[in-house]
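Chemist: Handing you a structure now.
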Amino acid sequence: INRVVSANDTLLSTDSFIFATGTITLTLPSAVGLNGKTYYIKNLGSGVITVQPTGGQTIDGSANAVIEFQNTLIGLVSNNTNWFIF
């Protein structure tokens, strides 16, 4: 499912493509039980998008990922324990 997000939000397991605007924080659901789940998040505006996992999980070993530049896209995938950028 495609969604446009312009305020802090928690992603749903049914989301796939997120088009984000503004300086906001997006929270990923738990990676547990979502092995292989992917999200594509694109920064459509000039704000900074912060993506954070839940429950002490990490993104590539870090506490969060930041999408600083307009038109930048990142992909995230769950390995059933944490999230990884691809």
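We name chains A, B, ... following the order of the structure tokens; residues begin at 1 in each chain, and ligands are numbered from 1 as shown.
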Might you pull out every residue within 9 Å of Thr81 in chain A, with only C-alpha atoms counted and same-chain residues fewer than 6 positions away left off, and present them as a list of chain:residue names?

Modeler: A:Ser30, A:Ala31, A:Val32, A:Gly33, A:Leu34, A:Asn35, A:Gln57, A:Thr58

Chemist: Keeping only N, CA, C and O atoms, take the residues you just selected and write them out as a PDB file, in the first residue's frame.

Modeler:
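Written output follows (part.pdb):
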ATOM      1  N   SER A  30       7.738  -3.789  14.991  1.00  0.00           N
ATOM      2  CA  SER A  30       8.742  -4.768  15.391  1.00  0.00           C
ATOM      3  C   SER A  30       9.140  -5.627  14.197  1.00  0.00           C
ATOM      4  O   SER A  30       8.294  -6.062  13.415  1.00  0.00           O
ATOM      5  N   ALA A  31      10.442  -5.880  14.063  1.00  0.00           N
ATOM      6  CA  ALA A  31      10.941  -6.745  12.996  1.00  0.00           C
ATOM      7  C   ALA A  31      10.574  -8.208  13.232  1.00  0.00           C
ATOM      8  O   ALA A  31      10.518  -9.005  12.296  1.00  0.00           O
ATOM      9  N   VAL A  32      10.287  -8.537  14.486  1.00  0.00           N
ATOM     10  CA  VAL A  32       9.953  -9.921  14.848  1.00  0.00           C
ATOM     11  C   VAL A  32       8.627 -10.308  14.196  1.00  0.00           C
ATOM     12  O   VAL A  32       7.629  -9.589  14.303  1.00  0.00           O
ATOM     13  N   GLY A  33       8.623 -11.416  13.503  1.00  0.00           N
ATOM     14  CA  GLY A  33       7.426 -11.880  12.811  1.00  0.00           C
ATOM     15  C   GLY A  33       7.240 -11.284  11.434  1.00  0.00           C
ATOM     16  O   GLY A  33       6.284 -11.608  10.743  1.00  0.00           O
ATOM     17  N   LEU A  34       8.151 -10.397  11.028  1.00  0.00           N
ATOM     18  CA  LEU A  34       8.052  -9.749   9.709  1.00  0.00           C
ATOM     19  C   LEU A  34       9.265 -10.086   8.840  1.00  0.00           C
ATOM     20  O   LEU A  34       9.722  -9.258   8.044  1.00  0.00           O
ATOM     21  N   ASN A  35       9.817 -11.265   8.987  1.00  0.00           N
ATOM     22  CA  ASN A  35      10.994 -11.669   8.223  1.00  0.00           C
ATOM     23  C   ASN A  35      10.768 -11.452   6.726  1.00  0.00           C
ATOM     24  O   ASN A  35       9.799 -11.926   6.158  1.00  0.00           O
ATOM     25  N   GLN A  57      15.392  -2.547  18.896  1.00  0.00           N
ATOM     26  CA  GLN A  57      15.893  -3.073  17.628  1.00  0.00           C
ATOM     27  C   GLN A  57      16.744  -2.008  16.948  1.00  0.00           C
ATOM     28  O   GLN A  57      16.756  -0.847  17.360  1.00  0.00           O
ATOM     29  N   THR A  58      17.460  -2.404  15.900  1.00  0.00           N
ATOM     30  CA  THR A  58      18.350  -1.479  15.215  1.00  0.00           C
ATOM     31  C   THR A  58      18.099  -1.471  13.711  1.00  0.00           C
ATOM     32  O   THR A  58      17.427  -2.352  13.174  1.00  0.00           O
TER      33      THR A  58
END

Chemist: Write out as a list of chain:residue names which residues come within 6 Å of Trp83 in chain A when counting only C-alpha atoms, dropping same-chain ones fewer than 5 positions away.

Modeler: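 The residues that qualify are A:Ile59, A:Val77, A:Ser78.
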
Chemist: With C-alpha atoms retained, could you export that selection as an mmCIF file, in the first residue's frame?

Modeler:
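What landed in result19.cif:
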data_model
loop_
_atom_site.group_PDB
_atom_site.id
_atom_site.type_symbol
_atom_site.label_atom_id
_atom_site.label_comp_id
_atom_site.auth_asym_id
_atom_site.auth_seq_id
_atom_site.Cartn_x
_atom_site.Cartn_y
_atom_site.Cartn_z
ATOM 1 C CA ILE A 59 18.683 -0.354 11.619
ATOM 2 C CA VAL A 77 14.123 -5.163 5.182
ATOM 3 C CA SER A 78 13.513 -7.211 8.329
#

Chemist: Give the answer as one residue: which of A:Asn82, A:Ser16, A:Thr27, A:Gln52 has the shortest atom-to-atom distance to Val66 in chain A, using only C-alpha atoms?

Modeler: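 Under the stated criterion, the closest residue is A:Gln52.
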
Chemist: How many Å separate CA of Ile67 in chain A from CA of Phe86 in chain A?

Modeler: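 Atom-to-atom, CA of Ile67 in chain A and CA of Phe86 in chain A are spaced 13.5 Å apart.
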
Chemist: One number please: CA of Val5 in chain A to CA of Lys37 in chain A, in Å, one decimal.

Modeler: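 According to the coordinates, CA of Val5 in chain A and CA of Lys37 in chain A are separated by 19.4 Å.
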
Chemist: Quick check for you: according to DSSP on this backbone, which residues of chain A are classed as strand (DSSP E or B)? Reply as an NGL selection string.

Modeler: :A and (2-5 or 9-10 or 17-20 or 24-27 or 38-43 or 49-52 or 59 or 62 or 65-67 or 73-78 or 83-85)

Chemist: Name the closest residue to Phe17 in chain A among the candidates A:Asn43, A:Pro29, A:Gly36, A:Asn64; distances are taken between atoms, counting only C-alpha atoms.

Modeler: A:Asn43

Chemist: Looking at only C-alpha atoms, which of A:Leu28, A:Asn80, A:Thr38, A:Gln70 is the one that sits closest to Gly55 in chain A?

Modeler: A:Leu28

Chemist: For Asn2 in chain A, please output as a PyMOL selection string all residues within 10 Å (counting only C-alpha atoms; exclusion window: fewer than 4 positions along the same chain).

Modeler: chain A and resi 14-19+40

Chemist: Measuring atom to atom with only C-alpha atoms, identify which of A:Pro53, A:Glu68, A:Thr10, A:Phe84 is nearest to Thr23 in chain A.

Modeler: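 Of all the options, A:Glu68 lies closest to Thr23 in chain A.
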